[in-house]
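Student: What follows is coords.cif, mmCIF, C-alpha atoms.
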data_protein
#
loop_
_atom_site.label_atom_id
_atom_site.label_comp_id
_atom_site.auth_asym_id
_atom_site.auth_seq_id
_atom_site.Cartn_x
_atom_site.Cartn_y
_atom_site.Cartn_z
CA MET A 1 3.72 -9.31 -12.19
CA PRO A 2 4.80 -7.24 -15.22
CA GLU A 3 8.14 -5.57 -14.68
CA ASP A 4 6.81 -2.23 -15.94
CA ALA A 5 3.86 -1.98 -13.54
CA ARG A 6 3.67 1.59 -12.31
CA LEU A 7 1.60 4.46 -11.03
CA ARG A 8 -0.47 5.90 -13.86
CA GLY A 9 -2.43 9.06 -14.51
CA ASP A 10 -5.41 7.33 -16.15
CA VAL A 11 -7.20 4.03 -16.66
CA PRO A 12 -6.23 2.82 -20.15
CA ASP A 13 -9.09 2.01 -22.50
CA GLY A 14 -9.49 -1.60 -23.52
CA GLU A 15 -7.33 -3.12 -20.79
CA PRO A 16 -9.10 -5.70 -18.62
CA ASP A 17 -9.06 -6.02 -14.86
CA TRP A 18 -8.94 -2.31 -13.98
CA VAL A 19 -11.06 -1.56 -10.92
CA ARG A 20 -12.14 1.88 -9.73
CA CYS A 21 -11.96 2.03 -5.94
CA GLY A 22 -15.23 3.92 -5.69
CA ASP A 23 -17.05 1.29 -7.73
CA LEU A 24 -15.57 -1.52 -5.64
CA LEU A 25 -16.58 0.04 -2.33
CA GLY A 26 -20.02 0.83 -3.72
CA GLU A 27 -20.62 -2.86 -4.47
CA PRO A 28 -19.29 -4.98 -1.56
CA ALA A 29 -20.14 -8.21 -3.41
CA ARG A 30 -17.21 -7.42 -5.73
CA LEU A 31 -14.87 -7.46 -2.72
CA VAL A 32 -16.26 -10.87 -1.80
CA ARG A 33 -15.67 -12.15 -5.33
CA TRP A 34 -12.11 -10.81 -5.28
CA ARG A 35 -11.45 -12.61 -2.00
CA GLU A 36 -12.95 -15.82 -3.39
CA ARG A 37 -10.74 -15.52 -6.47
CA LEU A 38 -7.72 -15.18 -4.19
CA ALA A 39 -8.82 -18.21 -2.17
CA ARG A 40 -8.96 -20.28 -5.36
CA TRP A 41 -5.51 -19.03 -6.37
CA LEU A 42 -4.14 -19.97 -2.94
CA ALA A 43 -5.67 -23.44 -3.17
CA GLU A 44 -3.97 -23.95 -6.53
CA THR A 45 -0.67 -22.55 -5.26
CA TYR A 46 -0.70 -24.64 -2.09
CA PRO A 47 -2.24 -27.99 -3.18
CA ALA A 48 -0.92 -29.69 -0.05
CA ALA A 49 -3.11 -27.50 2.14
CA PRO A 50 -6.15 -29.37 3.51
CA GLY A 51 -8.01 -26.09 3.23
CA ILE A 52 -7.25 -22.40 3.04
CA PRO A 53 -8.17 -20.72 6.34
CA ASP A 54 -10.52 -17.79 5.77
CA ARG A 55 -8.16 -15.46 7.63
CA VAL A 56 -5.50 -15.77 4.94
CA PRO A 57 -7.35 -14.41 1.88
CA ALA A 58 -9.24 -11.96 4.11
CA SER A 59 -6.03 -10.42 5.45
CA TRP A 60 -4.25 -10.40 2.09
CA ILE A 61 -7.13 -8.53 0.40
CA LEU A 62 -7.08 -6.13 3.34
CA SER A 63 -3.38 -5.39 2.90
CA TRP A 64 -3.48 -5.33 -0.88
CA TYR A 65 -6.35 -2.88 -1.08
CA LEU A 66 -4.92 -0.51 1.53
CA HIS A 67 -1.64 -0.54 -0.39
CA VAL A 68 -3.37 1.29 -3.26
CA PRO A 69 -4.06 4.66 -1.56
CA ALA A 70 -0.92 4.31 0.56
CA PHE A 71 1.33 3.74 -2.46
CA ALA A 72 -0.24 6.52 -4.54
CA GLY A 73 0.20 9.04 -1.74
CA ALA A 74 3.67 7.88 -0.72
CA LEU A 75 5.17 7.83 -4.21
CA LEU A 76 3.92 11.29 -5.11
CA LEU A 77 5.05 12.73 -1.80
CA HIS A 78 8.48 11.19 -2.22
CA HIS A 79 9.11 12.22 -5.84
CA GLU A 80 7.01 15.33 -6.34
CA ARG A 81 6.28 16.68 -2.85
CA ARG A 82 2.60 16.58 -3.81
CA VAL A 83 -0.43 14.91 -2.28
CA PRO A 84 -3.19 13.99 -4.74
CA SER A 85 -6.77 13.21 -3.88
CA LEU A 86 -6.85 9.75 -2.33
CA ALA A 87 -10.62 9.51 -2.34
CA PRO A 88 -12.03 6.24 -3.68
CA SER A 89 -13.41 8.12 -6.69
CA ALA A 90 -9.90 9.34 -7.56
CA LEU A 91 -8.07 5.99 -7.55
CA ALA A 92 -8.12 2.79 -9.59
CA PHE A 93 -5.96 -0.31 -9.80
CA ARG A 94 -5.42 -3.28 -12.07
CA ILE A 95 -5.72 -6.81 -10.72
CA GLY A 96 -2.93 -8.99 -12.07
CA ALA A 97 -3.79 -11.86 -14.38
CA ASP A 98 -1.22 -14.29 -12.93
CA ARG A 99 -1.93 -13.46 -9.29
CA PRO A 100 -4.99 -11.48 -8.18
CA HIS A 101 -3.17 -8.56 -6.56
CA PRO A 102 -2.98 -4.85 -7.53
CA ASP A 103 -0.08 -4.63 -9.97
CA SER A 104 -0.68 -1.06 -11.18
CA VAL A 105 -2.29 1.98 -9.61
CA ALA A 106 -3.91 4.99 -11.31
CA VAL A 107 -4.48 8.45 -9.82
CA LEU A 108 -7.50 9.94 -11.61
CA GLY A 109 -8.00 13.31 -9.94
CA ALA A 110 -6.50 16.56 -11.22
CA GLY A 111 -6.17 18.37 -7.89
CA PHE A 112 -3.23 18.19 -5.51
CA HIS A 113 -1.64 19.87 -2.50
CA CYS A 114 1.91 21.09 -2.95
CA LEU A 115 4.62 23.37 -1.57
CA PRO A 116 5.07 27.04 -2.58
CA ALA A 117 8.08 26.28 -4.82
CA ASP A 118 6.24 23.61 -6.82
CA PRO A 119 6.28 24.54 -10.53
CA GLY A 120 2.62 23.54 -10.76
CA SER A 121 1.46 25.61 -7.80
CA ALA A 122 -0.46 28.02 -10.07
CA LEU A 123 -2.36 25.25 -11.87
CA PRO A 124 -6.12 24.97 -11.41
CA GLY A 125 -6.74 22.51 -8.60
CA ALA A 126 -3.41 23.11 -6.88
CA VAL A 127 -3.61 23.96 -3.17
CA VAL A 128 -0.41 25.41 -1.73
CA VAL A 129 0.54 24.57 1.84
CA PRO A 130 3.34 26.30 3.77
CA ASP A 131 5.65 23.41 4.61
CA GLU A 132 6.32 19.69 4.49
CA ARG A 133 4.77 19.02 7.88
CA THR A 134 1.47 20.39 6.64
CA LEU A 135 1.79 18.33 3.47
CA ALA A 136 2.37 15.23 5.61
CA THR A 137 -0.76 16.03 7.60
CA VAL A 138 -2.78 16.24 4.39
CA LEU A 139 -1.44 12.88 3.20
CA ARG A 140 -2.15 11.17 6.50
CA GLY A 141 -5.66 12.60 6.69
CA ARG A 142 -6.53 11.61 3.14
CA PHE A 143 -5.22 8.09 3.61
CA VAL A 144 -7.11 7.65 6.88
CA ALA A 145 -10.33 8.90 5.24
CA HIS A 146 -10.00 6.33 2.44
CA ALA A 147 -9.02 3.57 4.87
CA SER A 148 -12.03 4.41 7.05
CA ARG A 149 -14.38 4.06 4.11
CA PHE A 150 -12.81 0.74 3.10
CA ILE A 151 -12.83 -0.67 6.64
CA ASP A 152 -16.48 0.29 7.11
CA VAL A 153 -17.32 -1.70 3.97
CA TYR A 154 -14.87 -4.59 4.27
CA GLY A 155 -14.87 -5.16 8.03
CA PRO A 156 -18.38 -6.68 8.18
CA LEU A 157 -17.40 -9.08 5.38
CA THR A 158 -14.64 -10.67 7.49
CA ARG A 159 -13.98 -12.01 10.96
CA LEU A 160 -10.98 -9.73 11.37
CA GLY A 161 -11.17 -7.47 14.42
CA ARG A 162 -11.09 -3.71 14.24
CA HIS A 163 -7.56 -3.53 15.67
CA GLN A 164 -6.33 -5.90 12.95
CA LEU A 165 -8.03 -3.76 10.30
CA TRP A 166 -6.40 -0.53 11.47
CA ALA A 167 -3.08 -2.24 12.16
CA ALA A 168 -3.06 -3.31 8.49
CA ALA A 169 -3.80 0.29 7.47
CA THR A 170 -0.86 1.48 9.58
CA ASP A 171 1.40 -1.13 8.00
CA ALA A 172 0.27 -0.11 4.51
CA LEU A 173 1.05 3.58 4.99
CA ASP A 174 4.31 3.16 6.88
CA ASN A 175 5.63 0.54 4.48
CA ALA A 176 4.55 2.47 1.38
CA LEU A 177 6.47 5.56 2.52
CA TRP A 178 9.56 3.46 3.18
CA SER A 179 9.16 1.52 -0.07
CA ALA A 180 8.85 4.71 -2.14
CA GLY A 181 12.44 5.42 -1.15
CA ARG A 182 13.61 1.83 -1.53
CA LEU A 183 12.45 1.85 -5.16
CA GLY A 184 15.19 4.41 -5.84
CA GLY A 185 17.75 1.63 -5.43
CA THR A 186 20.29 3.57 -3.37
CA PRO A 187 20.89 3.95 0.38
CA GLU A 188 20.27 7.68 0.00
CA ALA A 189 16.90 7.14 -1.67
CA GLU A 190 15.89 4.59 0.94
CA GLY A 191 16.94 6.98 3.69
CA ALA A 192 14.69 9.64 2.17
CA GLY A 193 11.79 7.19 2.28
CA VAL A 194 12.53 6.46 5.93
CA ALA A 195 12.51 10.21 6.60
CA ASP A 196 9.11 10.51 4.87
CA ALA A 197 7.72 7.73 7.08
CA ALA A 198 9.01 9.52 10.18
CA LEU A 199 7.47 12.78 8.95
CA VAL A 200 4.02 11.39 8.19
CA LEU A 201 3.92 9.03 11.18
CA GLU A 202 5.99 10.97 13.69
CA SER A 203 3.72 9.69 16.45
CA ARG A 204 0.59 7.59 16.75
CA PHE A 205 -2.42 9.21 15.12
CA PRO A 206 -5.55 7.18 16.02
CA PRO A 207 -7.21 5.23 14.54
CA LEU A 208 -3.76 4.27 13.15
CA THR A 209 -2.12 1.99 15.67
CA SER A 210 1.46 3.25 15.90
CA ALA A 211 4.04 5.77 14.84
CA SER A 212 6.45 4.72 12.09
CA LYS A 213 8.23 1.51 13.01
CA VAL A 214 11.01 1.75 10.45
CA THR A 215 14.20 1.50 12.50
CA PRO A 216 17.94 1.09 11.82
CA ALA A 217 19.59 -2.30 12.06
CA SER A 218 23.05 -3.69 11.41
CA GLY A 219 23.43 -5.75 8.26
CA ALA A 220 25.58 -8.86 7.92
CA ASP A 221 28.51 -6.75 6.70
CA GLY A 222 28.14 -4.25 9.52
CA ARG A 223 26.55 -1.55 7.40
CA ARG A 224 23.36 0.13 8.56
CA GLU A 225 20.18 -1.25 7.11
CA TRP A 226 16.54 -0.60 7.85
CA THR A 227 13.92 -2.92 9.25
CA ARG A 228 10.31 -2.73 10.34
CA ASN A 229 8.13 -4.68 12.73
CA ARG A 230 4.60 -5.21 11.46
CA GLU A 231 1.50 -4.13 13.34
CA SER A 232 -0.76 -6.71 11.66
CA CYS A 233 -0.52 -10.39 10.79
CA CYS A 234 -1.04 -11.73 7.26
CA PHE A 235 -1.57 -15.32 8.58
CA SER A 236 0.70 -16.74 5.89
CA TYR A 237 2.17 -19.07 8.52
CA LEU A 238 -1.09 -21.05 8.24
CA LEU A 239 -0.07 -22.15 4.74
CA PRO A 240 2.08 -25.26 4.17
CA ALA A 241 5.81 -24.71 4.77
CA GLU A 242 5.44 -20.94 5.22
CA PRO A 243 7.07 -19.40 8.30
CA GLU A 244 6.07 -16.16 9.95
CA CYS A 245 7.07 -13.07 8.00
CA GLY A 246 10.04 -11.08 9.19
CA GLY A 247 8.77 -8.49 11.66
CA CYS A 248 5.62 -10.52 12.38
CA PRO A 249 3.83 -9.33 15.53
CA ARG A 250 3.55 -12.99 16.56
CA ILE A 251 7.22 -13.45 17.19
CA ARG A 252 9.02 -10.18 18.02
CA GLN A 253 12.32 -12.03 18.46
CA GLY A 254 15.06 -9.46 18.08
CA VAL A 255 15.66 -7.25 15.09
CA GLN A 256 14.30 -8.66 11.83
CA ALA A 257 16.50 -7.57 8.95
CA GLY A 258 14.52 -9.27 6.17
CA PHE A 259 11.08 -7.66 6.33
CA ARG A 260 8.41 -8.89 3.93
CA PRO A 261 5.73 -6.19 3.76
CA VAL A 262 2.63 -8.23 2.95
CA ALA A 263 2.92 -11.99 2.51
CA PRO A 264 5.30 -14.53 0.97
CA ASN A 265 4.53 -15.22 -2.69
CA ALA A 266 1.76 -12.64 -2.57
CA ARG A 267 3.31 -9.23 -1.94
CA SER A 268 2.23 -6.49 -4.30
CA ASN A 269 5.41 -5.39 -6.09
CA VAL A 270 4.08 -2.28 -7.77
CA VAL A 271 7.06 -0.30 -9.01
CA ALA A 272 7.49 3.05 -10.65
CA SER A 273 9.78 3.78 -13.55
CA SER A 274 12.11 6.69 -12.81
CA ALA A 275 11.67 7.81 -16.41
CA THR A 276 7.93 7.96 -15.89
CA ILE A 277 8.32 9.95 -12.70
CA THR A 278 10.53 12.64 -14.20
CA SER A 279 9.08 12.89 -17.70
CA SER A 280 6.37 15.35 -16.67
CA PRO A 281 5.57 17.13 -13.42
CA TYR A 282 1.90 16.23 -14.04
CA THR A 283 2.27 12.56 -14.99
CA PHE A 284 0.38 11.33 -11.95
CA ILE A 285 -1.87 14.32 -11.41
CA ALA A 286 -3.80 14.97 -14.60
CA ARG A 287 -4.49 13.35 -17.93
CA ALA A 288 -3.89 16.56 -19.90
#
Show me the file's structure as C-alpha cells.

Tutor:
Amino acid sequence: MPEDARLRGDVPDGEPDWVRCGDLLGEPARLVRWRERLARWLAETYPAAPGIPDRVPASWILSWYLHVPAFAGALLLHHERRVPSLAPSALAFRIGADRPHPDSVAVLGAGFHCLPADPGSALPGAVVVPDERTLATVLRGRFVAHASRFIDVYGPLTRLGRHQLWAAATDALDNALWSAGRLGGTPEAEGAGVADAALVLESRFPPLTSASKVTPASGADGRREWTRNRESCCFSYLLPAEPECGGCPRIRQGVQAGFRPVAPNARSNVVASSATITSSPYTFIARA
C-alpha cells in the first residue's frame, strides 16, 4: 500500500481503481467481482492452500468495505470535530493495485455537522449541534444507515449470517475510532481515539452488537496499553500457517495485547498525513 494513502476531498481525475460507494451498491455484480478478485489474490498469496474457503474473501470484503464509512467518520470526528455525510453517494475509495483493499478514501459531500465553535459553522451546508454527545449520535446514525444499505445488498451474496454482518460493522466503527487516535503516534493521541470510541459506542446500539470493546491492558514493560476483542471473525485461521487474530471471538483467552483489526496480510492500512489534516479546515469536506 502506498505510504501516502489518505482521506481525500475528491476523486482524482485519471487515476484508476477509484470506486464510488453508491455505484458499487447499485450494481451488486461489482461486489461479486471484487470478491472474486480477492479470492484470486489469496490463492496466489497462499499457494499451499488446497482451496480458499468462501468465508475468507467474503468476510474480508465485508470488513474492508465497512472500514470506508467508519474511517471517514472517525478521522473527521477525531481531528475536526465534524461529521460529514456518510451516505454511499458521498463516499468513494481506491482499490489498491498490489492488494485489492481500499487504500484511500474520499469524502465527496460538502455538508457536515459540527460544534458551535467550529470556524466553518457559518458555511453553507454546515449544521451546528450543541455538544459532542449529539455529534457522536449523528456519526453513529450515519454509519449505521450506510452499513444497513451495504448489508442489505451484500448479505444475500454471501453465506455469512446477519449477526456476523453486524458484528463486522461494530468492529469497523469501534476500531476506526480507536485507530484515528493511534495514527497520531503518541499515547495521548491514542487515548483521545479511545475516548471517541467510548463516546460514540458508550453502550450497545442495535443493530450494532456491542458497546466499545477497547479496554486497557498492561504492556510487557508494565505501561498501560490498549486492546480490543473482536465481535466478528475474519476466518484467516483457515489459511495455511495463519493463527487466529488477536482478540478473535473464537478464542477469548485472556487479554490480547496485539490486536489485528481485520486480517493478517490483508488489513487496510489507510493513513492520514497530519499535514493534510491541518492544511485546511475544509480539506475533507469540500472541493472548493

Student: For Arg224 in chain A, list every protein, DNA or RNA residue within 12 Å, evaluated using only C-alpha atoms, and leave out those in the same chain fewer than 2 positions away; present the list as a short mmCIF file (atom, residue, chain, number, x, y, z; two decimals) with C-alpha atoms, keeping the file's coordinate frame.

Tutor:
data_model
loop_
_atom_site.label_atom_id
_atom_site.label_comp_id
_atom_site.auth_asym_id
_atom_site.auth_seq_id
_atom_site.Cartn_x
_atom_site.Cartn_y
_atom_site.Cartn_z
CA PRO A 187 20.89 3.95 0.38
CA GLU A 188 20.27 7.68 0.00
CA GLU A 190 15.89 4.59 0.94
CA GLY A 191 16.94 6.98 3.69
CA THR A 215 14.20 1.50 12.50
CA PRO A 216 17.94 1.09 11.82
CA ALA A 217 19.59 -2.30 12.06
CA SER A 218 23.05 -3.69 11.41
CA GLY A 219 23.43 -5.75 8.26
CA ALA A 220 25.58 -8.86 7.92
CA ASP A 221 28.51 -6.75 6.70
CA GLY A 222 28.14 -4.25 9.52
CA TRP A 226 16.54 -0.60 7.85
CA THR A 227 13.92 -2.92 9.25
CA ALA A 257 16.50 -7.57 8.95
#

Student: With the PyMOL selection byres ((chain A and resi 214) around 10) as the selection, what would be picked from this file? Answer as a list of chain:residue names, please.

Tutor: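 So the PyMOL selection byres ((chain A and resi 214) around 10) ends up selecting A:Asp174, A:Asn175, A:Leu177, A:Trp178, A:Gly193, A:Val194, A:Ala195, A:Ala197, A:Ala198, A:Ala211, A:Ser212, A:Lys213, A:Thr215, A:Pro216, A:Ala217, A:Trp226, A:Thr227, A:Arg228, A:Asn229, A:Arg230.
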
Student: Name the residues in contact with Ser121 in chain A at a cut-off of 12 Å, using all atoms listed in the file, excluding same-chain residues fewer than 4 positions from it; report them as a compact mmCIF listing (two decimals) with C-alpha atoms, in the coordinates of the input.

Tutor:
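Okay, this is what ended up in part.txt:
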# COMPACT_ATOMS: atom_id res chain seq x y z
CA GLU A 80 7.01 15.33 -6.34
CA ARG A 81 6.28 16.68 -2.85
CA ARG A 82 2.60 16.58 -3.81
CA GLY A 111 -6.17 18.37 -7.89
CA PHE A 112 -3.23 18.19 -5.51
CA HIS A 113 -1.64 19.87 -2.50
CA CYS A 114 1.91 21.09 -2.95
CA LEU A 115 4.62 23.37 -1.57
CA PRO A 116 5.07 27.04 -2.58
CA ALA A 117 8.08 26.28 -4.82
CA GLY A 125 -6.74 22.51 -8.60
CA ALA A 126 -3.41 23.11 -6.88
CA VAL A 127 -3.61 23.96 -3.17
CA VAL A 128 -0.41 25.41 -1.73
CA VAL A 129 0.54 24.57 1.84
CA PRO A 130 3.34 26.30 3.77
CA PRO A 281 5.57 17.13 -13.42
CA TYR A 282 1.90 16.23 -14.04

Student: Quick one, how far is CA of Val138 in chain A from CA of Leu199 in chain A?

Tutor: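 Going from CA of Val138 in chain A over to CA of Leu199 in chain A covers 11.7 Å.
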
Student: Kindly give the distance, in Å, that separates CA of Val32 in chain A and CA of Pro53 in chain A, rounded to a single decimal.

Tutor: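 Between CA of Val32 in chain A and CA of Pro53 in chain A the gap works out to 15.1 Å.
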
Student: Give me, please, the distance in Å between CA of Ala70 in chain A and CA of Asp17 in chain A, quoted to one decimal.

Tutor: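 CA of Asp17 in chain A lies at a distance of 20.3 Å from CA of Ala70 in chain A.
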
Student: Exactly which residues make up the result of the PyMOL selection byres ((chain A and resi 47-50) around 10) on this file, given as a count of residues only?

Tutor: 12

Student: Skipping near chain neighbours, those fewer than 5 positions away, what residues fall within 10 Å of Ile61 in chain A using all atoms listed in the file, listed as a PDB file with C-alpha atoms, in the frame of the given file?

Tutor:
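As written to disk, selection-v3.pdb reads:
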ATOM      1  CA  LEU A  31     -14.870  -7.460  -2.720  1.00  0.00           C
ATOM      2  CA  VAL A  32     -16.260 -10.870  -1.800  1.00  0.00           C
ATOM      3  CA  TRP A  34     -12.110 -10.810  -5.280  1.00  0.00           C
ATOM      4  CA  ARG A  35     -11.450 -12.610  -2.000  1.00  0.00           C
ATOM      5  CA  LEU A  38      -7.720 -15.180  -4.190  1.00  0.00           C
ATOM      6  CA  VAL A  56      -5.500 -15.770   4.940  1.00  0.00           C
ATOM      7  CA  LEU A  66      -4.920  -0.510   1.530  1.00  0.00           C
ATOM      8  CA  HIS A  67      -1.640  -0.540  -0.390  1.00  0.00           C
ATOM      9  CA  PRO A 100      -4.990 -11.480  -8.180  1.00  0.00           C
ATOM     10  CA  HIS A 101      -3.170  -8.560  -6.560  1.00  0.00           C
ATOM     11  CA  PRO A 102      -2.980  -4.850  -7.530  1.00  0.00           C
ATOM     12  CA  TYR A 154     -14.870  -4.590   4.270  1.00  0.00           C
ATOM     13  CA  CYS A 234      -1.040 -11.730   7.260  1.00  0.00           C
TER      14      CYS A 234
END

Student: Using all atoms listed in the file and a cutoff of 9 Å, can you tell me which residues are near (-9.0, 1.9, 8.5) in the file's coordinates, and write them out as a list of chain:residue names?

Tutor: A:Leu66, A:Phe143, A:Val144, A:Ala145, A:His146, A:Ala147, A:Ser148, A:Arg149, A:Phe150, A:Ile151, A:Asp152, A:Arg162, A:Leu165, A:Trp166, A:Ala167, A:Ala168, A:Ala169, A:Thr170, A:Pro207, A:Leu208

Student: Let me know the residues the PyMOL selection byres ((chain A and resi 18) around 12) catches in the file above, as a list of chain:residue names.

Tutor: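 In the shown coordinates, the PyMOL selection byres ((chain A and resi 18) around 12) covers A:Arg8, A:Asp10, A:Val11, A:Pro12, A:Asp13, A:Gly14, A:Glu15, A:Pro16, A:Asp17, A:Val19, A:Arg20, A:Cys21, A:Asp23, A:Leu24, A:Leu91, A:Ala92, A:Phe93, A:Arg94, A:Ile95, A:Gly96, A:Ala97, A:Pro100, A:His101, A:Pro102, A:Asp103, A:Ser104, A:Val105, A:Ala106.
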
Student: May I have the residues within 8 Å of Ala74 in chain A as a PDB file with C-alpha atoms, in the coordinates of the input, using all atoms listed in the file and disregarding those fewer than 3 positions away in the same chain?

Tutor:
ATOM      1  CA  ALA A  70      -0.920   4.310   0.560  1.00  0.00           C
ATOM      2  CA  PHE A  71       1.330   3.740  -2.460  1.00  0.00           C
ATOM      3  CA  LEU A  77       5.050  12.730  -1.800  1.00  0.00           C
ATOM      4  CA  HIS A  78       8.480  11.190  -2.220  1.00  0.00           C
ATOM      5  CA  LEU A 173       1.050   3.580   4.990  1.00  0.00           C
ATOM      6  CA  ALA A 176       4.550   2.470   1.380  1.00  0.00           C
ATOM      7  CA  LEU A 177       6.470   5.560   2.520  1.00  0.00           C
ATOM      8  CA  ALA A 180       8.850   4.710  -2.140  1.00  0.00           C
TER       9      ALA A 180
END

Student: Just checking: using only C-alpha atoms, which residue out of A:Pro249, A:Gly73, A:Pro206, A:Gly26 ends up closest to Leu139 in chain A?

Tutor: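 The answer is A:Gly73, which sits nearest to Leu139 in chain A.
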
Student: I need range 92-108 of chain A written out with N, CA and C atoms, as a compact mmCIF listing (two decimals), in the first residue's frame; please produce it.

Tutor:
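This went into result-v2.txt:
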# COMPACT_ATOMS: atom_id res chain seq x y z
N ALA A 92 -16.17 7.53 -1.68
CA ALA A 92 -15.52 6.73 -2.71
C ALA A 92 -14.23 6.18 -2.11
N PHE A 93 -13.69 5.14 -2.74
CA PHE A 93 -12.41 4.61 -2.28
C PHE A 93 -11.65 4.05 -3.46
N ARG A 94 -10.35 3.94 -3.29
CA ARG A 94 -9.48 3.38 -4.32
C ARG A 94 -9.06 1.98 -3.91
N ILE A 95 -9.18 1.04 -4.83
CA ILE A 95 -8.74 -0.33 -4.58
C ILE A 95 -7.27 -0.44 -4.97
N GLY A 96 -6.45 -0.90 -4.04
CA GLY A 96 -5.02 -0.97 -4.26
C GLY A 96 -4.65 -1.89 -5.40
N ALA A 97 -3.58 -1.55 -6.09
CA ALA A 97 -3.13 -2.36 -7.23
C ALA A 97 -2.40 -3.62 -6.78
N ASP A 98 -1.67 -3.54 -5.66
CA ASP A 98 -0.89 -4.69 -5.20
C ASP A 98 -1.74 -5.66 -4.40
N ARG A 99 -2.76 -5.18 -3.76
CA ARG A 99 -3.64 -5.98 -2.93
C ARG A 99 -5.02 -5.33 -3.02
N PRO A 100 -6.07 -6.07 -3.31
CA PRO A 100 -7.34 -5.43 -3.64
C PRO A 100 -8.14 -4.96 -2.43
N HIS A 101 -7.56 -4.04 -1.66
CA HIS A 101 -8.21 -3.48 -0.49
C HIS A 101 -8.31 -1.97 -0.64
N PRO A 102 -9.22 -1.29 0.08
CA PRO A 102 -9.30 0.17 0.00
C PRO A 102 -8.05 0.80 0.61
N ASP A 103 -7.26 1.50 -0.22
CA ASP A 103 -6.05 2.12 0.31
C ASP A 103 -6.17 3.63 0.41
N SER A 104 -7.24 4.21 -0.10
CA SER A 104 -7.52 5.63 0.07
C SER A 104 -9.03 5.82 0.08
N VAL A 105 -9.49 6.81 0.81
CA VAL A 105 -10.91 7.10 0.94
C VAL A 105 -11.15 8.55 0.59
N ALA A 106 -12.25 8.84 -0.11
CA ALA A 106 -12.61 10.21 -0.47
C ALA A 106 -13.99 10.54 0.07
N VAL A 107 -14.12 11.72 0.70
CA VAL A 107 -15.39 12.25 1.14
C VAL A 107 -15.83 13.29 0.12
N LEU A 108 -16.96 13.07 -0.54
CA LEU A 108 -17.35 13.88 -1.69
C LEU A 108 -18.39 14.94 -1.35
